[in-house]
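Asker: My structure is in protein-v1.txt, and what it holds is compact mmCIF, C-alpha atoms:
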# COMPACT_ATOMS: atom_id res chain seq x y z
CA MET O 14 6.49 -85.86 -44.05
CA PRO O 15 5.06 -82.33 -43.85
CA SER O 16 1.42 -81.95 -44.82
CA VAL O 17 0.47 -80.51 -48.22
CA VAL O 18 -2.15 -77.74 -48.39
CA LYS O 19 -3.33 -75.17 -50.90
CA GLY O 20 -2.18 -71.54 -50.70
CA GLN O 21 -4.16 -68.39 -51.45
CA LEU O 22 -3.48 -68.71 -55.20
CA GLY O 23 -4.63 -72.32 -55.32
CA LYS O 24 -1.11 -73.73 -55.58
CA GLU O 25 -0.09 -76.69 -53.46
CA PHE O 26 2.89 -76.40 -51.13
CA ALA O 27 4.30 -78.41 -48.19
CA MET O 28 3.66 -77.01 -44.73
CA PRO O 29 6.70 -77.11 -42.41
CA ASN O 30 7.27 -79.40 -39.47
CA VAL O 31 7.42 -77.88 -35.96
CA LEU O 32 9.22 -79.41 -32.96
CA ILE O 33 7.49 -78.61 -29.62
CA ALA O 34 9.52 -79.31 -26.43
CA ASP O 35 7.84 -78.80 -23.05
CA ASP O 36 7.77 -80.82 -19.83
CA SER O 37 4.05 -80.04 -19.36
CA ILE O 38 1.77 -82.44 -21.23
CA ALA O 39 -1.05 -79.88 -21.11
CA VAL O 40 1.07 -77.25 -22.87
CA ARG O 41 2.23 -79.80 -25.44
CA LYS O 42 -1.35 -80.85 -26.24
CA VAL O 43 -2.58 -77.26 -26.54
CA ALA O 44 0.31 -76.26 -28.80
CA GLU O 45 -0.14 -79.41 -30.90
CA ARG O 46 -3.86 -78.70 -31.35
CA LEU O 47 -3.31 -75.05 -32.30
CA LEU O 48 -0.59 -75.79 -34.86
CA THR O 49 -2.28 -78.91 -36.26
CA GLU O 50 -5.49 -76.99 -36.87
CA ALA O 51 -3.36 -74.42 -38.75
CA GLY O 52 -2.02 -77.21 -40.99
CA PHE O 53 1.45 -77.68 -39.45
CA GLY O 54 3.22 -80.97 -38.97
CA VAL O 55 3.99 -81.32 -35.25
CA THR O 56 6.60 -83.39 -33.35
CA LEU O 57 6.46 -83.46 -29.53
CA ALA O 58 9.33 -83.77 -27.01
CA ALA O 59 8.68 -84.17 -23.27
CA ASN O 60 11.99 -82.58 -22.19
CA GLY O 61 15.22 -81.03 -23.44
CA GLU O 62 17.03 -84.36 -23.85
CA GLU O 63 14.35 -85.70 -26.20
CA ALA O 64 14.48 -82.46 -28.17
CA LEU O 65 18.27 -82.68 -28.59
CA ALA O 66 18.02 -86.35 -29.61
CA TYR O 67 15.44 -85.44 -32.28
CA LEU O 68 17.49 -82.46 -33.53
CA ALA O 69 20.56 -84.68 -33.87
CA LYS O 70 18.69 -86.75 -36.48
CA GLU O 71 16.04 -84.48 -38.03
CA THR O 72 15.90 -80.91 -39.31
CA PRO O 73 12.57 -79.27 -38.40
CA ASP O 74 11.51 -75.98 -39.90
CA LEU O 75 10.72 -74.41 -36.51
CA VAL O 76 11.62 -75.21 -32.89
CA VAL O 77 9.25 -74.18 -30.08
CA THR O 78 10.78 -74.96 -26.66
CA ASP O 79 9.97 -74.19 -23.05
CA VAL O 80 12.51 -72.09 -21.13
CA ILE O 81 12.60 -74.15 -17.91
CA MET O 82 12.73 -77.96 -18.17
CA PRO O 83 14.08 -80.61 -15.75
CA ASP O 84 17.19 -81.69 -17.69
CA LYS O 85 18.07 -79.26 -20.49
CA SER O 86 16.67 -75.74 -20.56
CA GLY O 87 15.25 -74.01 -23.61
CA TYR O 88 18.35 -71.80 -23.73
CA GLU O 89 20.55 -74.92 -24.07
CA VAL O 90 18.31 -76.31 -26.82
CA CYS O 91 18.56 -72.98 -28.69
CA ALA O 92 22.35 -72.91 -28.27
CA PHE O 93 22.53 -76.47 -29.69
CA VAL O 94 20.49 -75.42 -32.73
CA ARG O 95 22.73 -72.41 -33.38
CA ALA O 96 25.87 -74.55 -33.03
CA GLN O 97 24.81 -77.00 -35.78
CA SER O 98 25.54 -75.91 -39.32
CA ALA O 99 22.48 -77.74 -40.69
CA LEU O 100 20.21 -76.07 -38.10
CA ALA O 101 21.85 -72.65 -37.72
CA ASN O 102 19.12 -70.83 -39.69
CA THR O 103 16.22 -72.71 -38.05
CA PRO O 104 13.94 -70.31 -36.14
CA VAL O 105 13.73 -70.97 -32.38
CA LEU O 106 10.75 -69.64 -30.41
CA LEU O 107 11.05 -69.76 -26.59
CA ILE O 108 7.89 -70.07 -24.47
CA SER O 109 7.73 -69.14 -20.79
CA GLY O 110 5.16 -68.56 -18.08
CA ILE O 111 7.07 -65.41 -17.02
CA VAL O 112 8.50 -63.00 -19.58
CA ASN O 113 10.70 -60.33 -17.97
CA ASP O 114 13.98 -58.54 -18.67
CA GLU O 115 16.06 -61.49 -17.44
CA VAL O 116 14.30 -63.98 -19.74
CA THR O 117 14.54 -61.58 -22.69
CA LYS O 118 18.24 -61.00 -22.03
CA GLN O 119 19.02 -64.74 -21.90
CA ALA O 120 16.95 -65.31 -25.04
CA GLU O 121 19.05 -62.71 -26.85
CA SER O 122 22.28 -64.21 -25.53
CA CYS O 123 21.45 -67.62 -27.05
CA HIS O 124 20.21 -65.95 -30.30
CA ALA O 125 16.59 -67.06 -30.01
CA ASP O 126 14.10 -65.54 -32.47
CA GLY O 127 11.63 -64.48 -29.78
CA VAL O 128 9.85 -65.29 -26.50
CA LEU O 129 6.11 -66.07 -26.22
CA LYS O 130 4.23 -66.04 -22.92
CA LYS O 131 2.24 -69.06 -21.69
CA PRO O 132 -0.69 -69.71 -21.63
CA PHE O 133 -1.16 -68.82 -25.30
CA GLN O 134 -3.65 -66.06 -26.06
CA GLY O 135 -5.90 -66.74 -29.06
CA THR O 136 -3.92 -67.32 -32.24
CA ALA O 137 -0.67 -65.90 -30.81
CA LEU O 138 1.27 -69.17 -31.24
CA LYS O 139 0.05 -69.74 -34.82
CA ASP O 140 0.70 -66.11 -35.80
CA ARG O 141 4.19 -66.15 -34.33
CA ALA O 142 5.02 -69.45 -36.06
CA LEU O 143 3.81 -68.09 -39.42
CA GLU O 144 5.84 -64.92 -38.91
CA LEU O 145 9.07 -66.78 -38.13
CA LEU O 146 8.60 -69.22 -41.04
CA ALA O 147 7.85 -66.33 -43.42
CA LYS O 148 11.03 -64.63 -42.21
CA ARG O 149 13.05 -67.80 -42.84
CA GLN O 150 11.55 -68.27 -46.32
CA GLY O 151 12.26 -64.64 -47.12
CA THR O 152 15.94 -65.04 -46.37
CA ALA O 153 16.12 -68.03 -48.75
CA VAL O 154 14.50 -66.31 -51.79
CA PRO O 155 16.92 -65.54 -54.69
CA LYS O 156 17.53 -62.08 -56.07
CA PRO O 157 14.25 -60.28 -56.92
CA THR O 158 13.18 -59.50 -60.46
CA ASN O 159 13.03 -56.02 -61.92
CA LEU O 160 9.30 -56.22 -62.68
CA ASP O 161 8.00 -54.74 -59.47
CA LYS O 162 9.29 -53.08 -56.30
CA ALA O 163 6.73 -54.93 -54.18
CA VAL O 164 8.81 -58.15 -54.16
CA LYS O 165 11.79 -56.27 -52.74
CA SER O 166 9.52 -54.79 -50.11
CA VAL O 167 8.40 -58.33 -49.21
CA GLU O 168 11.97 -59.27 -48.30
CA LEU O 169 12.31 -56.13 -46.20
CA PHE O 170 9.12 -57.03 -44.35
CA GLN O 171 10.42 -60.53 -43.63
CA ARG O 172 13.55 -59.06 -42.02
CA SER O 173 11.80 -56.35 -39.95
CA ARG O 174 8.36 -54.99 -39.22
CA VAL O 175 6.56 -53.22 -42.06
CA SER O 176 6.02 -49.50 -41.57
CA ASP O 177 2.98 -47.52 -42.67
CA GLU O 178 4.99 -45.92 -45.52
CA GLN O 179 5.87 -49.36 -46.89
CA THR O 180 2.22 -50.39 -46.68
CA ASP O 181 1.23 -47.35 -48.74
CA ALA O 182 3.96 -48.25 -51.25
CA TYR O 183 2.52 -51.77 -51.57
CA ARG O 184 -0.93 -50.37 -52.14
CA GLN O 185 0.39 -47.95 -54.77
CA ALA O 186 2.17 -50.86 -56.49
CA ILE O 187 -1.10 -52.70 -57.13
CA PRO O 188 -2.49 -50.08 -59.59
CA ARG O 189 0.82 -50.18 -61.44
CA LEU O 190 0.33 -53.88 -62.07
CA SER O 191 -3.03 -53.33 -63.75
CA PRO O 192 -1.57 -52.03 -67.07
CA LEU O 193 0.62 -55.11 -67.24
CA GLU O 194 -2.47 -57.31 -67.24
CA GLY O 195 -3.62 -55.71 -70.52
CA GLU O 196 -0.26 -56.12 -72.29
CA PRO O 197 -0.70 -59.87 -73.02
CA ARG O 198 -4.06 -59.16 -74.66
CA LEU O 199 -2.48 -56.36 -76.68
CA GLU O 200 0.32 -58.65 -77.76
CA GLY O 201 -2.25 -61.30 -78.67
CA ASP O 202 -3.98 -58.76 -80.89
CA HIS O 203 -0.66 -57.94 -82.49
CA ALA O 204 -0.07 -61.63 -83.13
CA THR O 205 -3.51 -61.88 -84.77
CA VAL O 206 -2.78 -58.93 -86.99
CA GLY O 207 0.55 -60.49 -87.92
CA THR O 208 -1.22 -63.72 -88.85
CA GLN O 209 -3.64 -61.81 -91.03
CA ARG O 210 -0.71 -60.19 -92.77
CA VAL O 211 0.89 -63.58 -93.42
CA VAL O 212 -2.13 -65.02 -95.29
CA PRO O 213 -1.95 -62.74 -98.38
CA LEU O 214 1.85 -63.15 -98.48
CA GLU O 215 2.05 -66.96 -98.56
CA GLY O 216 3.41 -66.86 -102.02
CA PRO O 217 6.91 -65.51 -101.64
CA LEU O 218 9.05 -67.97 -99.69
CA ALA O 219 11.42 -65.33 -98.45
CA ARG O 220 8.54 -63.39 -96.99
CA VAL O 221 7.34 -66.54 -95.21
CA LYS O 222 10.66 -66.95 -93.42
CA GLU O 223 10.56 -63.34 -92.36
CA LEU O 224 7.04 -63.77 -91.03
CA GLU O 225 8.08 -66.91 -89.14
CA SER O 226 10.85 -65.00 -87.40
CA ILE O 227 8.38 -62.24 -86.55
CA ALA O 228 5.91 -64.80 -85.18
CA ALA O 229 8.67 -66.40 -83.06
CA LEU O 230 9.54 -62.97 -81.72
CA GLU O 231 5.88 -62.34 -80.93
CA ARG O 232 5.64 -65.67 -79.12
CA GLU O 233 8.70 -64.85 -77.04
CA GLN O 234 7.22 -61.49 -76.18
CA ALA O 235 3.90 -63.14 -75.27
CA THR O 236 5.74 -65.68 -73.07
CA GLU O 237 7.64 -62.91 -71.33
CA LEU O 238 4.42 -61.00 -70.77
CA LYS O 239 2.81 -64.11 -69.27
CA LYS O 240 5.75 -64.43 -66.87
CA LYS O 241 5.37 -60.79 -65.94
CA LEU O 242 1.67 -61.31 -65.35
CA ALA O 243 2.31 -64.35 -63.11
CA GLU O 244 4.91 -62.41 -61.13
CA SER O 245 2.45 -59.54 -60.81
CA GLU O 246 -0.21 -61.93 -59.47
CA ARG O 247 2.26 -63.34 -56.94
CA ALA O 248 3.26 -59.83 -55.88
CA SER O 249 -0.40 -58.87 -55.46
CA ALA O 250 -1.08 -61.96 -53.37
CA ARG O 251 2.03 -61.24 -51.28
CA VAL O 252 0.87 -57.67 -50.74
CA GLN O 253 -2.44 -59.01 -49.40
CA GLU O 254 -0.57 -61.37 -47.10
CA LEU O 255 1.56 -58.48 -45.89
CA GLU O 256 -1.52 -56.40 -45.21
CA SER O 257 -2.99 -59.21 -43.10
CA LEU O 258 0.32 -59.59 -41.25
CA ILE O 259 0.39 -55.83 -40.64
CA GLN O 260 -3.11 -55.99 -39.18
CA ILE O 261 -2.06 -58.89 -36.94
CA GLU O 262 1.02 -56.94 -35.87
CA ARG O 263 -1.08 -53.88 -35.01
CA GLU O 264 -3.49 -55.99 -32.96
CA ARG O 265 -0.52 -57.56 -31.20
CA THR O 266 0.90 -54.10 -30.46
CA ILE O 267 -2.42 -52.96 -28.99
CA GLU O 268 -2.59 -56.11 -26.85
CA ALA O 269 1.01 -55.53 -25.70
CA LYS O 270 0.16 -51.96 -24.72
CA ASN O 271 -2.86 -53.18 -22.75
CA GLN O 272 -0.74 -55.79 -21.01
CA ALA O 273 1.92 -53.15 -20.27
CA SER O 274 -0.73 -50.87 -18.72
CA ALA O 275 -2.04 -53.75 -16.62
CA ALA O 276 1.53 -54.60 -15.56
CA GLU O 277 2.17 -50.98 -14.54
CA ALA O 278 -1.03 -50.93 -12.47
CA LEU O 279 -0.02 -54.23 -10.89
CA GLY O 280 3.47 -52.83 -10.17
CA ARG O 281 1.98 -49.80 -8.43
CA ARG O 282 -0.27 -52.07 -6.37
CA VAL O 283 2.73 -54.22 -5.43
CA TRP O 284 4.62 -51.12 -4.32
CA GLU O 285 1.70 -50.00 -2.15
CA LEU O 286 1.42 -53.46 -0.60
CA GLU O 287 5.17 -53.54 0.08
CA ALA O 288 4.94 -50.14 1.83
CA ALA O 289 1.98 -51.34 3.93
CA LEU O 290 3.85 -54.55 4.76
CA GLN O 291 6.90 -52.54 5.86
CA LYS O 292 4.73 -50.40 8.16
CA GLU O 293 3.14 -53.53 9.63
CA ARG O 294 6.59 -55.03 10.22
CA GLU O 295 7.80 -51.87 11.99
CA SER O 296 4.64 -51.79 14.14
CA ALA O 297 5.12 -55.49 14.98
CA VAL O 298 8.75 -54.83 16.00
CA GLN O 299 7.65 -51.96 18.25
CA GLN O 300 4.92 -54.10 19.83
CA ALA O 301 7.41 -56.94 20.35
CA THR O 302 9.91 -54.55 21.99
CA ARG O 303 7.23 -53.12 24.27
CA LEU O 304 6.02 -56.61 25.14
CA ALA O 305 9.58 -57.69 25.97
CA ASP O 306 9.99 -54.67 28.29
CA LEU O 307 6.72 -55.44 30.03
CA GLN O 308 7.70 -59.10 30.33
CA MET O 309 11.01 -58.08 31.93
CA ASN O 310 9.14 -55.87 34.39
CA VAL O 311 6.70 -58.69 35.17
CA ASN O 312 9.62 -61.07 35.70
CA ARG O 313 11.14 -58.60 38.18
CA VAL O 314 7.98 -58.58 40.32
CA PRO O 315 8.83 -61.83 42.19
CA GLU O 316 12.39 -60.55 42.75
CA LEU O 317 11.08 -57.25 44.12
CA GLU O 318 8.56 -59.06 46.27
CA ALA O 319 11.34 -61.27 47.67
CA ALA O 320 13.52 -58.19 48.27
CA LEU O 321 10.58 -56.46 49.98
CA TYR O 322 10.03 -59.47 52.23
CA THR O 323 13.75 -59.56 53.08
CA GLU O 324 13.75 -55.85 53.88
CA ARG O 325 10.69 -56.27 56.03
CA GLN O 326 12.42 -59.05 58.00
CA THR O 327 15.49 -56.86 58.32
CA GLY O 328 13.28 -54.00 59.51
CA LEU O 329 11.69 -56.22 62.12
CA GLN O 330 15.14 -57.32 63.30
CA LEU O 331 16.27 -53.70 63.40
CA ALA O 332 13.14 -52.71 65.33
CA GLN O 333 13.85 -55.51 67.83
CA HIS O 334 17.46 -54.37 68.08
CA MET O 335 16.24 -50.80 68.57
CA THR O 336 14.04 -52.01 71.40
CA GLU O 337 17.05 -53.70 72.98
CA LEU O 338 19.13 -50.56 72.45
CA GLU O 339 16.42 -48.46 74.05
CA GLY O 340 16.55 -50.80 77.03
CA GLU O 341 20.32 -50.38 77.14
CA VAL O 342 19.87 -46.59 76.96
CA ALA O 343 17.39 -46.70 79.84
CA ARG O 344 19.84 -48.89 81.75
CA THR O 345 22.59 -46.42 80.97
CA GLN O 346 20.49 -43.55 82.28
CA GLU O 347 19.80 -45.48 85.44
CA LEU O 348 23.53 -46.14 85.80
CA SER O 349 24.21 -42.46 85.21
CA GLN O 350 21.77 -41.52 87.96
CA ALA O 351 23.30 -44.11 90.20
CA LEU O 352 26.75 -42.74 89.42
CA ALA O 353 25.56 -39.21 90.20
CA ALA O 354 24.12 -40.42 93.51
CA GLU O 355 27.35 -42.26 94.19
CA GLN O 356 29.33 -39.15 93.42
CA GLU O 357 27.16 -37.14 95.83
CA ARG O 358 27.65 -39.84 98.39
CA ASN O 359 31.37 -39.81 97.74
CA LYS O 360 31.36 -36.05 98.24
CA GLU O 361 29.57 -36.47 101.50
CA LEU O 362 32.03 -39.16 102.49
CA GLY O 363 34.85 -36.91 101.52
CA ILE O 364 33.43 -34.14 103.67
CA ARG O 365 32.94 -36.54 106.54
CA LEU O 366 36.45 -37.92 106.08
CA THR O 367 37.85 -34.44 106.06
CA GLU O 368 35.95 -33.52 109.10
CA ALA O 369 36.49 -36.73 111.03
CA LEU O 370 40.04 -37.71 110.07
CA PRO O 371 40.03 -41.09 111.73
CA ALA O 372 43.03 -43.30 111.80
CA SER O 373 45.39 -43.41 108.78
CA GLN O 374 44.49 -47.00 108.02
CA LYS O 375 40.84 -46.03 107.64
CA VAL O 376 41.83 -43.14 105.38
CA GLN O 377 43.84 -45.46 103.13
CA GLU O 378 40.92 -47.82 102.91
CA ILE O 379 38.64 -44.95 102.05
CA GLU O 380 41.12 -43.78 99.41
CA ALA O 381 41.28 -47.29 97.94
CA LEU O 382 37.51 -47.45 97.88
CA PHE O 383 37.38 -44.01 96.35
CA GLN O 384 39.85 -45.10 93.63
CA ALA O 385 37.82 -48.19 92.89
CA GLU O 386 34.73 -46.05 92.71
CA ARG O 387 36.44 -43.76 90.22
CA GLU O 388 37.41 -46.69 88.01
CA ARG O 389 33.88 -47.98 88.20
CA ASN O 390 32.46 -44.56 87.34
CA SER O 391 34.88 -44.29 84.39
CA LEU O 392 33.81 -47.71 83.11
CA LEU O 393 30.14 -46.73 83.45
CA ALA O 394 30.74 -43.47 81.60
CA ARG O 395 32.46 -45.34 78.73
CA ARG O 396 29.58 -47.82 78.49
CA VAL O 397 27.06 -44.96 78.45
CA PHE O 398 28.97 -43.29 75.60
CA GLU O 399 29.08 -46.54 73.55
CA ALA O 400 25.37 -47.12 74.17
CA GLU O 401 24.59 -43.60 72.92
CA GLN O 402 26.64 -44.20 69.72
CA ALA O 403 24.93 -47.58 69.09
CA SER O 404 21.53 -45.97 69.63
CA GLY O 405 22.33 -43.24 67.04
CA LEU O 406 23.54 -45.77 64.47
CA ALA O 407 20.48 -47.95 65.06
CA THR O 408 18.17 -44.95 64.62
CA LYS O 409 19.89 -43.96 61.33
CA ARG O 410 19.77 -47.55 60.02
CA PHE O 411 16.09 -47.80 60.94
CA GLU O 412 15.34 -44.59 59.00
CA GLU O 413 17.21 -45.87 55.90
CA VAL O 414 15.36 -49.21 56.05
CA ALA O 415 12.02 -47.41 56.37
CA ALA O 416 12.80 -45.21 53.30
CA LYS O 417 13.90 -48.24 51.27
CA LEU O 418 10.76 -50.12 52.25
CA GLY O 419 8.68 -47.14 51.04
CA GLU O 420 10.47 -47.15 47.66
CA ILE O 421 10.01 -50.92 47.24
CA ALA O 422 6.34 -50.61 48.10
CA GLY O 423 5.95 -47.88 45.43
CA TRP O 424 7.68 -50.03 42.79
CA ALA O 425 5.52 -53.02 43.65
CA SER O 426 2.39 -50.89 43.42
CA GLN O 427 3.41 -49.57 39.98
CA LEU O 428 4.26 -53.04 38.68
CA GLY O 429 0.99 -54.44 40.04
CA SER O 430 -1.05 -51.73 38.25
CA GLY O 431 0.93 -52.23 34.97
CA LYS O 432 0.42 -56.01 35.11
CA ARG O 433 -3.33 -55.63 35.47
CA GLN O 434 -3.65 -53.25 32.47
CA PRO O 435 -4.18 -55.00 29.03
CA LEU O 436 -1.39 -54.73 26.44
CA SER O 437 -2.09 -52.12 23.72
Would you mind writing the structure in this file as structure tokens?

Answerer:
Amino acid sequence: MPSVVKGQLGKEFAMPNVLIADDSIAVRKVAERLLTEAGFGVTLAANGEEALAYLAKETPDLVVTDVIMPDKSGYEVCAFVRAQSALANTPVLLISGIVNDEVTKQAESCHADGVLKKPFQGTALKDRALELLAKRQGTAVPKPTNLDKAVKSVELFQRSRVSDEQTDAYRQAIPRLSPLEGEPRLEGDHATVGTQRVVPLEGPLARVKELESIAALEREQATELKKKLAESERASARVQELESLIQIERERTIEAKNQASAAEALGRRVWELEAALQKERESAVQQATRLADLQMNVNRVPELEAALYTERQTGLQLAQHMTELEGEVARTQELSQALAAEQERNKELGIRLTEALPASQKVQEIEALFQAERERNSLLARRVFEAEQASGLATKRFEEVAAKLGEIAGWASQLGSGKRQPLS
């Protein structure tokens, strides 16, 4: 049963029941305390399933549900309310820790009546609940009377926000109601005068009937004036309520502007931080690339050292081979000198043979020896030529190995100096 409280005019009326669905017990307790202190009847649901089970049996006057819950979301609860004919006009207020364009868009798609950010600021929850309930009550009021334009303006306020022009119209309507307050007293005076006229005319019966009809007419007019006065009082009280709601709405607008300014400042700060983070990431990538290059160079040091050692061994072998080749060259020179001496000797022998001309057998022997000497000299000349070629190739190879060893030593020196320097 909803609680019964007194309104601004002293009349008693039943406060509505509010269903609060949220998976956080802290949020449920805070919302229950705020609405209970405002005089609302409160029913709590720990999740979306409990809310749907309650809505299948009961018809609350307002549903306040969290957007994100473990089983059923607030959007699904709102869609269930809109799908039920008995609940279609029930206001649904979504609450969320984050209110952005996506949440607002989904709230509109499920036809929710609004979104309120958690945690609740001041009387925001109570004010929003009163606003939605006033809007619902305004849609259920029958056609307005013709006594005052303020009642029509009340319905317009319940459907949309009240503008400053409407507020001025409400304030101008209050002075118009003042003359109506004096009309019942004027009619009462008229009734008194009519009564005084009846006393001297009690005699004629026909005149009595006429006076009775006049008195009945006066009573009807007085009753109508009383109704007009009551409606005027209600309109005046409603105007006061509207003025308070307008003030609340203005304060809410100012607070929204302040929050928007803070959000813009926060957005700029986020953009600056993102730019700084991007620069740091680029610098880190460059440092990582440089470190990888240095690591590759450091890894090549053992390979270069091994290659240098191999080249050194090859150089030593080549130097030894060069020494051997130099010995062969010296041997070749000695052979050449010996060949020259042998040739001179052969010339002398030839001269002696020409001069002496011994027996033919001796000449043939000398010719055979001379032929053998020629073959030997030819063989020696060929060996000298091959030794000279091998010596040239060995000298060229030794020069190439020496140049390569110099390059490897330079690379090793550079890598050694780079390894000792600290990374920047």

Asker: Show me, as a list in words, the residues that have an atom within 9 Å of range 425-430 of chain O when counting all atoms listed in the file, minus same-chain residues fewer than 4 positions from it.

Answerer: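 Close residues of range 425-430 of chain O: Asn310, Val311, Arg313, Val314, Leu317, Glu318, Leu321, Glu420, Ile421 and Gln434 of chain O.
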
Asker: What is the distance, in Å and to one decimal place, between CA of Ser391 in chain O and CA of Ala353 in chain O?

Answerer: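 Computing the Euclidean distance for CA of Ser391 in chain O and CA of Ala353 in chain O yields 12.1 Å.
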
Asker: Can you list, as a compact mmCIF listing (two decimals) with C-alpha atoms, keeping the file's coordinate frame, every protein, DNA or RNA residue that comes within 6 Å of Asn30 in chain O when you count all atoms listed in the file, leaving out same-chain residues fewer than 5 positions away?

Answerer:
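Result file is out_29.txt:
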# COMPACT_ATOMS: atom_id res chain seq x y z
CA PRO O 15 5.06 -82.33 -43.85
CA GLY O 54 3.22 -80.97 -38.97
CA VAL O 55 3.99 -81.32 -35.25
CA PRO O 73 12.57 -79.27 -38.40
CA ASP O 74 11.51 -75.98 -39.90

Asker: Contacts of Met82 in chain O at 12 Å or less, counting all atoms listed in the file, minus same-chain residues fewer than 5 places along, as a count of residues only?

Answerer: 18

Asker: Neighbours of Ile33 in chain O within 9 Å (all atoms listed in the file; same-chain residues fewer than 6 positions away dropped), as a PyMOL selection string?

Answerer: chain O and resi 41+44-45+55-59+64+75-79

Asker: Using all atoms listed in the file for the distances, tell me which of O:Val112, O:Thr103, O:Gln333, O:Pro315 is nearest to Lys148 in chain O.

Answerer: O:Thr103

Asker: Just checking: using all atoms listed in the file, which residue out of O:Glu399, O:Ser296, O:Gly280, O:Ile111 ends up closest to Ile81 in chain O?

Answerer: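 Distance minimum relative to Ile81 in chain O lands on O:Ile111.
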
Asker: So the first atom is CA of Gln402 in chain O and the second is CA of Leu348 in chain O; what is the distance between them in Å, to one decimal place?

Answerer: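 So the answer is 16.5 Å.
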
Asker: Record the distance separating CA of Asp140 in chain O and CA of Ala273 in chain O, expressed in Å with one decimal.

Answerer: 20.3 Å

Asker: O:Asp126, O:Gln260, O:Lys70, O:Val80: which is nearest Ala99 in chain O, counting all atoms listed in the file?

Answerer: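 Distance minimum relative to Ala99 in chain O lands on O:Lys70.
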
Asker: With all atoms listed in the file as the basis for distance, which of O:Ala305, O:Ala147, O:Ala416, O:Val397 is at the shortest distance from Leu258 in chain O?

Answerer: O:Ala147

Asker: Using all atoms listed in the file, which of the listed residues (O:Leu279, O:Met309, O:Ala422, O:Leu100) sits closest to Glu324 in chain O?

Answerer: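 Closest residue, counting all atoms listed in the file: O:Ala422.
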